[in-house]
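Colleague: Below are the structure tokens for one structure; questions will follow.
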Amino acid sequence: MSHVGVGPRAITRAVAFLTAGALAVPALAGCTSEDNSGKPLAGQDIASAARSRVADGGTLRWAVDSVPETLNTFQSDADATSSRVAQAVLPSMYRMDARGRPVRNPDYLESAEVVDTEPKQVVVYRLNQEAVWSDGREIGAADFAAQWRALSGRDSAYWTARNAGYDRIEKIERGAGDLEVKVTFSRRYADWKSLFTPLYPKDVMGTPDSFNDGARRRLKVTAGPFAVEQVDTKKDEIVLTRNPRWWGRPAKLNEIVLRAVPRDKRASELAAGRLDLAEIDPDTAEEVALAAGPRDTAPSSGAPLMGPEDRQSAADALRSWAVANGSDEEAAEKEAQAREKRRKAVARAQRREQALRGFEVRRSLEPAYTQLALNGADGPLADERVRRAVARTLDRRELAELVLKPLGLPAEPVGSHLALAGQPVYADSSGALGGPDTKEARALLADAGWVPGGPVEQPEKGEKAAGSEGDKREGGKDGEDGEKSPGGDDGTYIVGEDDKDDQGKNDKDTHDKNTHGKNDDGKNDEQGRSDQESGEKRAGGKNTAQGGSAPGAYAPKGTAAPAGSAVAPPAKDGKALTLRFVLPSGPGSGVLRTVADRISGMLDAVGIRTEITKVSDASYFKDHIASGQYDLALYSWPASAFPATDARPIYAKPVPAADGSLNIAQNYTRVGTDQVDQLFDQALTTLDEEEARDLLRKADSRIWAQAGSIPLYQRPQLVAARTNLANAGAFAFETPVYEDMGFLKKGAQGARPPVSPSS
């Protein structure tokens, strides 16, 4: 399923406030040493099989989103494919286990431990004596030192995207022998296990030139079960082959071909036999599941298709009947052609269904969550009371069920900004904000000066309603190509404005399968009226596998709001409270738009209007989220095994830069406090894991109270895989084991673990 998201280490991880002392924070959750992280909501679904059942040889054709610009994961233009390649071909000192925790990788590391804390923290790594680079050289201290120097941030000639942790190292030395590496830190660093994964050879890290350009399109020296054979930009693929110098369990596959295939083309490529493994969207998952499911006696079960002679006879018979019954022969001919066209379409669908029977859907939950971001830089959302009011209108469980329940996945809302269920830091700290309560939301708005039904001045030409002060330069982009439609801003619709007929047509994707509040007969659905006191604004229309949507939201412009939603909009200083909700318009973002529709309906229950603006996928993050041109937005963050390091820049308080601009790091909501920063800093410097966990949970409670971002649900992970492909699919938290992937021997069967729950 495609969601707009931010990669885990692409940038530094991967993309006016009330003071903390003035917050009326309820009893903070997760502030004790009790381990209430629970279990992961879903485990791996990879058709696990013993290596003895997996055949030797074969090629795995695996769909990816892109051929990356660089194979160096520490550069800013690295992406998810860069990381996938690195996992297969480079050393990793630690891997992620089933609960999202770092565990030692014995193929490279015999042991690693903190041997001193005073006067300095010292960690000694003892390397696997068999571990060598593909050129035959031992992996050792020289590689560790080269990577430290490149990533420490001391030499600006290295084009690095991050230096977290490496900037705390004072020196790296050879230990008691060639296989020992001694790392001394200048400042204590709790997340030291995050370092040197992946580890690049000194050939890449040794000089700025080799770091910046040497690993962009090739990796001549590697040390994993696979090696990079070729990066082919013309074919849009990367070929990985067995590493003959690999000392661990030999790879079962001869090669892995990572092919860049757009999400909306993957079903066709699977049916054509050009892919074996691909992450897919819910629609494709439904198609694959239906093809693989029990068959009946219908024609789609494999009945022979009509032959050429039969088709010609049928067409002739139709024309003869039409002429005999007084119909025009030309009209009859057109009807015959139309019938033939429909028959061919059915035949193509049958062939595609037949081809997809060799696949199955493997499903789990991604180690990532989708959140609603509230831009607190300016406008109404700069007031924490307004942000909290928005948050208190949301039924997060309903939103999780909207996305996950139709997919057969556990539909639990995410309760932490810093971890997911099963990870040690996880605790549901949402109590610091409170649950859905429209009465409380109205009270918060009133306290902030937003009066229900207050006077609203007609804006002068060019003046905006209350909302983001940002430039709406992308507001007119709509559709899949992101171009502005002639004659007006057709990418924008204000939910709740029910008496305006002159706003023009809505985008073409308002007429897709998500009918946005209408039944199949086109009439407004009367189901799910708002219970304004309980905050349960239910969306009208069907709750299908694709999800329902809020009445009125994203409907054609001028569509009347449904009965029961006429809540007096709050106003202040002559302006109604309208928030600009920016969304991507691409074909893979349908789920986000459905969620946004439901959120808009919930906000409408307290009179908050949402101005929904769709923009091209290419500009969504760079031109809107990162630059602050939005009030509300949906995007995702990956879970990290090292939240003290990786989450701090996401929630750090923005600070003025030397040039007068605001340095926000990755805090795209622009909401933060000194107290949260201090808690992160304390967690980063304590080597007591229990103490660090408690500090992070306290930080999370305060992040909830600020209401800058509201975690909604863990993202679904849907993967189409050949039924005989073992040890690959929906990996959930765990790092893939590339050497165990392969195709089952004839007659062998894999073991499928349950999706939920998993230990």
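Every chain in the structure tokens has a letter given in the order shown (A, B, ...), and although residue numbers restart at 1 in each chain, ligands are simply numbered from 1 in the order shown.
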Using only C-alpha atoms, tabulate the residues of region 662-720 of chain A lying at most 10 Å from any atom of region 387-404 of chain A, each with its closest atom pair and that distance in Å to one decimal, by chain and increasing residue number, as CSV.
Modeller:
residue,atom,partner,partner_atom,distance
A:Trp704,CA,A:Arg388,CA,9.4
A:Ala705,CA,A:Arg388,CA,7.8
A:Gln706,CA,A:Arg388,CA,7.5
A:Ala707,CA,A:Arg388,CA,5.6
A:Gly708,CA,A:Arg387,CA,6.9
A:Ser709,CA,A:Ala391,CA,8.8
A:Ile710,CA,A:Ala391,CA,7.1
A:Pro711,CA,A:Arg396,CA,8.3
A:Leu712,CA,A:Arg396,CA,5.6
A:Tyr713,CA,A:Ala400,CA,5.2
A:Gln714,CA,A:Ala400,CA,8.0
A:Arg715,CA,A:Leu404,CA,8.2
A:Pro716,CA,A:Leu404,CA,6.8
Colleague: Using C-alpha atoms, can you export the residues from the last selection as a compact mmCIF listing (two decimals), in the first residue's frame?
Modeller:
# COMPACT_ATOMS: atom_id res chain seq x y z
CA TRP A 704 0.94 14.11 23.02
CA ALA A 705 -0.02 17.06 25.22
CA GLN A 706 1.36 19.54 22.66
CA ALA A 707 -0.98 18.07 19.99
CA GLY A 708 1.38 18.87 17.14
CA SER A 709 1.07 15.40 15.63
CA ILE A 710 -1.52 12.71 16.29
CA PRO A 711 -0.48 9.09 15.57
CA LEU A 712 -3.37 7.24 13.92
CA TYR A 713 -2.56 3.69 12.82
CA GLN A 714 0.29 1.37 11.97
CA ARG A 715 0.61 1.14 8.21
CA PRO A 716 -0.51 -2.08 6.50
Colleague: Determine, counting only C-alpha atoms, which protein, DNA and RNA residues have an atom within 8 Å of an atom of Arg53 (chain A); residues of the same chain fewer than 3 positions away are not included. Present the result as a PyMOL selection string.
Modeller: chain A and resi 49-50+744-745+748-749
Colleague: Output all heavy atoms for every residue in that selection, as a tab-separated table (two decimals), in the first residue's frame.
Modeller:
chain	number	residue	atom	x	y	z
A	49	ALA	N	10.24	-21.24	5.89
A	49	ALA	CA	10.57	-22.64	5.58
A	49	ALA	C	12.02	-22.91	5.95
A	49	ALA	O	12.88	-22.03	5.81
A	49	ALA	CB	10.33	-22.94	4.10
A	50	ALA	N	12.28	-24.11	6.41
A	50	ALA	CA	13.65	-24.51	6.71
A	50	ALA	C	14.49	-24.48	5.44
A	50	ALA	O	13.99	-24.75	4.34
A	50	ALA	CB	13.67	-25.91	7.32
A	744	LEU	N	10.76	-23.07	-3.02
A	744	LEU	CA	10.65	-24.39	-2.41
A	744	LEU	C	10.97	-25.50	-3.40
A	744	LEU	O	10.66	-25.40	-4.60
A	744	LEU	CB	9.23	-24.60	-1.87
A	744	LEU	CG	8.81	-23.71	-0.68
A	744	LEU	CD1	7.34	-23.91	-0.39
A	744	LEU	CD2	9.65	-24.03	0.55
A	745	LYS	N	11.57	-26.54	-2.86
A	745	LYS	CA	11.77	-27.73	-3.68
A	745	LYS	C	10.41	-28.32	-4.05
A	745	LYS	O	9.41	-28.11	-3.36
A	745	LYS	CB	12.59	-28.77	-2.91
A	745	LYS	CG	14.01	-28.34	-2.60
A	745	LYS	CD	14.72	-29.38	-1.75
A	745	LYS	CE	16.15	-28.96	-1.42
A	745	LYS	NZ	16.82	-29.94	-0.53
A	748	ALA	N	7.74	-29.58	-1.46
A	748	ALA	CA	7.96	-29.01	-0.13
A	748	ALA	C	6.89	-27.98	0.17
A	748	ALA	O	6.32	-27.35	-0.72
A	748	ALA	CB	9.34	-28.37	-0.04
A	749	GLN	N	6.61	-27.77	1.45
A	749	GLN	CA	5.62	-26.78	1.87
A	749	GLN	C	6.23	-25.88	2.93
A	749	GLN	O	7.00	-26.32	3.77
A	749	GLN	CB	4.37	-27.46	2.43
A	749	GLN	CG	3.59	-28.25	1.39
A	749	GLN	CD	2.33	-28.85	1.99
A	749	GLN	OE1	2.17	-28.86	3.20
A	749	GLN	NE2	1.46	-29.35	1.14
Colleague: What lies within 7 Å of Leu418 (chain A) using only C-alpha atoms, ignoring chain neighbours under 2 positions off, as a PyMOL selection string?
Modeller: chain A and resi 416+643+647+700
Colleague: Convert the current residue selection to file output with C-alpha atoms, as a PDB file, in the first residue's frame.
Modeller:
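out33.pdb, freshly written:
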ATOM      1  CA  SER A 416       3.113   6.456  20.985  1.00  0.00           C
ATOM      2  CA  PRO A 643      14.211   6.599  19.262  1.00  0.00           C
ATOM      3  CA  ALA A 647      13.083  10.765  16.956  1.00  0.00           C
ATOM      4  CA  ASP A 700       6.158  11.032  24.518  1.00  0.00           C
TER       5      ASP A 700
END
Colleague: Which residues come within 10 Å of region 262-269 of chain A, counting only C-alpha atoms, excluding same-chain residues fewer than 5 positions away, as number ranges by chain?
Modeller: A: 1-2, 63-66, 274-281, 283-285, 287-288, 352, 355-356, 587-588, 720
Colleague: Would you mind exporting the chosen residues as a PDB file, in the first residue's frame, restricted to N, CA and C atoms?
Modeller:
ATOM      1  N   MET A   1       0.842  -1.170   0.000  1.00  0.00           N
ATOM      2  CA  MET A   1       0.000   0.000   0.000  1.00  0.00           C
ATOM      3  C   MET A   1       0.879   1.222   0.000  1.00  0.00           C
ATOM      4  N   SER A   2       0.503   2.188  -0.761  1.00  0.00           N
ATOM      5  CA  SER A   2       1.343   3.372  -0.880  1.00  0.00           C
ATOM      6  C   SER A   2       0.866   4.448   0.065  1.00  0.00           C
ATOM      7  N   ALA A  63      10.010  -6.251  -6.953  1.00  0.00           N
ATOM      8  CA  ALA A  63       9.646  -4.879  -7.316  1.00  0.00           C
ATOM      9  C   ALA A  63      10.089  -3.893  -6.244  1.00  0.00           C
ATOM     10  N   VAL A  64      10.679  -2.784  -6.682  1.00  0.00           N
ATOM     11  CA  VAL A  64      11.042  -1.685  -5.785  1.00  0.00           C
ATOM     12  C   VAL A  64      10.486  -0.398  -6.378  1.00  0.00           C
ATOM     13  N   ASP A  65      10.509   0.662  -5.593  1.00  0.00           N
ATOM     14  CA  ASP A  65       9.951   1.924  -6.067  1.00  0.00           C
ATOM     15  C   ASP A  65      10.869   2.656  -7.032  1.00  0.00           C
ATOM     16  N   SER A  66      12.166   2.421  -6.923  1.00  0.00           N
ATOM     17  CA  SER A  66      13.083   3.187  -7.765  1.00  0.00           C
ATOM     18  C   SER A  66      14.446   2.516  -7.815  1.00  0.00           C
ATOM     19  N   ARG A 274       6.580 -11.305 -14.812  1.00  0.00           N
ATOM     20  CA  ARG A 274       7.858 -10.586 -14.777  1.00  0.00           C
ATOM     21  C   ARG A 274       8.271 -10.192 -13.358  1.00  0.00           C
ATOM     22  N   LEU A 275       7.462 -10.572 -12.355  1.00  0.00           N
ATOM     23  CA  LEU A 275       7.795 -10.315 -10.958  1.00  0.00           C
ATOM     24  C   LEU A 275       7.458 -11.551 -10.129  1.00  0.00           C
ATOM     25  N   ASP A 276       8.206 -11.720  -9.045  1.00  0.00           N
ATOM     26  CA  ASP A 276       7.934 -12.795  -8.091  1.00  0.00           C
ATOM     27  C   ASP A 276       7.493 -12.256  -6.739  1.00  0.00           C
ATOM     28  N   LEU A 277       7.832 -11.002  -6.459  1.00  0.00           N
ATOM     29  CA  LEU A 277       7.577 -10.420  -5.142  1.00  0.00           C
ATOM     30  C   LEU A 277       7.362  -8.925  -5.311  1.00  0.00           C
ATOM     31  N   ALA A 278       6.265  -8.406  -4.734  1.00  0.00           N
ATOM     32  CA  ALA A 278       5.982  -6.980  -4.892  1.00  0.00           C
ATOM     33  C   ALA A 278       5.068  -6.492  -3.782  1.00  0.00           C
ATOM     34  N   GLU A 279       5.425  -5.377  -3.171  1.00  0.00           N
ATOM     35  CA  GLU A 279       4.508  -4.715  -2.257  1.00  0.00           C
ATOM     36  C   GLU A 279       3.394  -4.096  -3.085  1.00  0.00           C
ATOM     37  N   ILE A 280       2.143  -4.244  -2.646  1.00  0.00           N
ATOM     38  CA  ILE A 280       1.001  -3.856  -3.466  1.00  0.00           C
ATOM     39  C   ILE A 280       0.006  -3.045  -2.653  1.00  0.00           C
ATOM     40  N   ASP A 281      -0.953  -2.427  -3.359  1.00  0.00           N
ATOM     41  CA  ASP A 281      -1.999  -1.656  -2.703  1.00  0.00           C
ATOM     42  C   ASP A 281      -3.202  -2.549  -2.414  1.00  0.00           C
ATOM     43  N   ASP A 283      -6.257  -2.641  -3.519  1.00  0.00           N
ATOM     44  CA  ASP A 283      -7.021  -3.103  -4.675  1.00  0.00           C
ATOM     45  C   ASP A 283      -6.339  -4.302  -5.334  1.00  0.00           C
ATOM     46  N   THR A 284      -5.031  -4.203  -5.524  1.00  0.00           N
ATOM     47  CA  THR A 284      -4.285  -5.312  -6.122  1.00  0.00           C
ATOM     48  C   THR A 284      -4.313  -6.525  -5.204  1.00  0.00           C
ATOM     49  N   ALA A 285      -4.225  -6.282  -3.889  1.00  0.00           N
ATOM     50  CA  ALA A 285      -4.273  -7.387  -2.932  1.00  0.00           C
ATOM     51  C   ALA A 285      -5.599  -8.132  -3.035  1.00  0.00           C
ATOM     52  N   GLU A 287      -7.486  -8.321  -5.695  1.00  0.00           N
ATOM     53  CA  GLU A 287      -7.489  -9.052  -6.966  1.00  0.00           C
ATOM     54  C   GLU A 287      -6.680 -10.348  -6.851  1.00  0.00           C
ATOM     55  N   VAL A 288      -5.508 -10.268  -6.230  1.00  0.00           N
ATOM     56  CA  VAL A 288      -4.671 -11.461  -6.069  1.00  0.00           C
ATOM     57  C   VAL A 288      -5.355 -12.477  -5.165  1.00  0.00           C
ATOM     58  N   ARG A 352      -5.745 -12.832 -16.969  1.00  0.00           N
ATOM     59  CA  ARG A 352      -5.022 -12.187 -15.871  1.00  0.00           C
ATOM     60  C   ARG A 352      -5.301 -12.920 -14.550  1.00  0.00           C
ATOM     61  N   ALA A 355      -3.348 -16.066 -14.452  1.00  0.00           N
ATOM     62  CA  ALA A 355      -1.926 -15.840 -14.202  1.00  0.00           C
ATOM     63  C   ALA A 355      -1.653 -15.516 -12.735  1.00  0.00           C
ATOM     64  N   LEU A 356      -2.596 -14.829 -12.090  1.00  0.00           N
ATOM     65  CA  LEU A 356      -2.392 -14.425 -10.697  1.00  0.00           C
ATOM     66  C   LEU A 356      -2.632 -15.558  -9.704  1.00  0.00           C
ATOM     67  N   PRO A 587      -2.227   8.237  -7.749  1.00  0.00           N
ATOM     68  CA  PRO A 587      -3.085   7.048  -7.664  1.00  0.00           C
ATOM     69  C   PRO A 587      -2.800   6.182  -6.450  1.00  0.00           C
ATOM     70  N   GLY A 588      -1.612   6.266  -5.872  1.00  0.00           N
ATOM     71  CA  GLY A 588      -1.296   5.444  -4.712  1.00  0.00           C
ATOM     72  C   GLY A 588      -1.701   6.056  -3.385  1.00  0.00           C
ATOM     73  N   ALA A 720       2.471  -9.240  -2.562  1.00  0.00           N
ATOM     74  CA  ALA A 720       2.137 -10.368  -3.432  1.00  0.00           C
ATOM     75  C   ALA A 720       3.402 -11.187  -3.642  1.00  0.00           C
TER      76      ALA A 720
END
Colleague: Could you pull out all residues of region 423-455 of chain A with a DSSP call of helix (DSSP H, G or I) and give them as a VMD selection string?
Modeller: chain A and resid 430 to 432 438 to 447
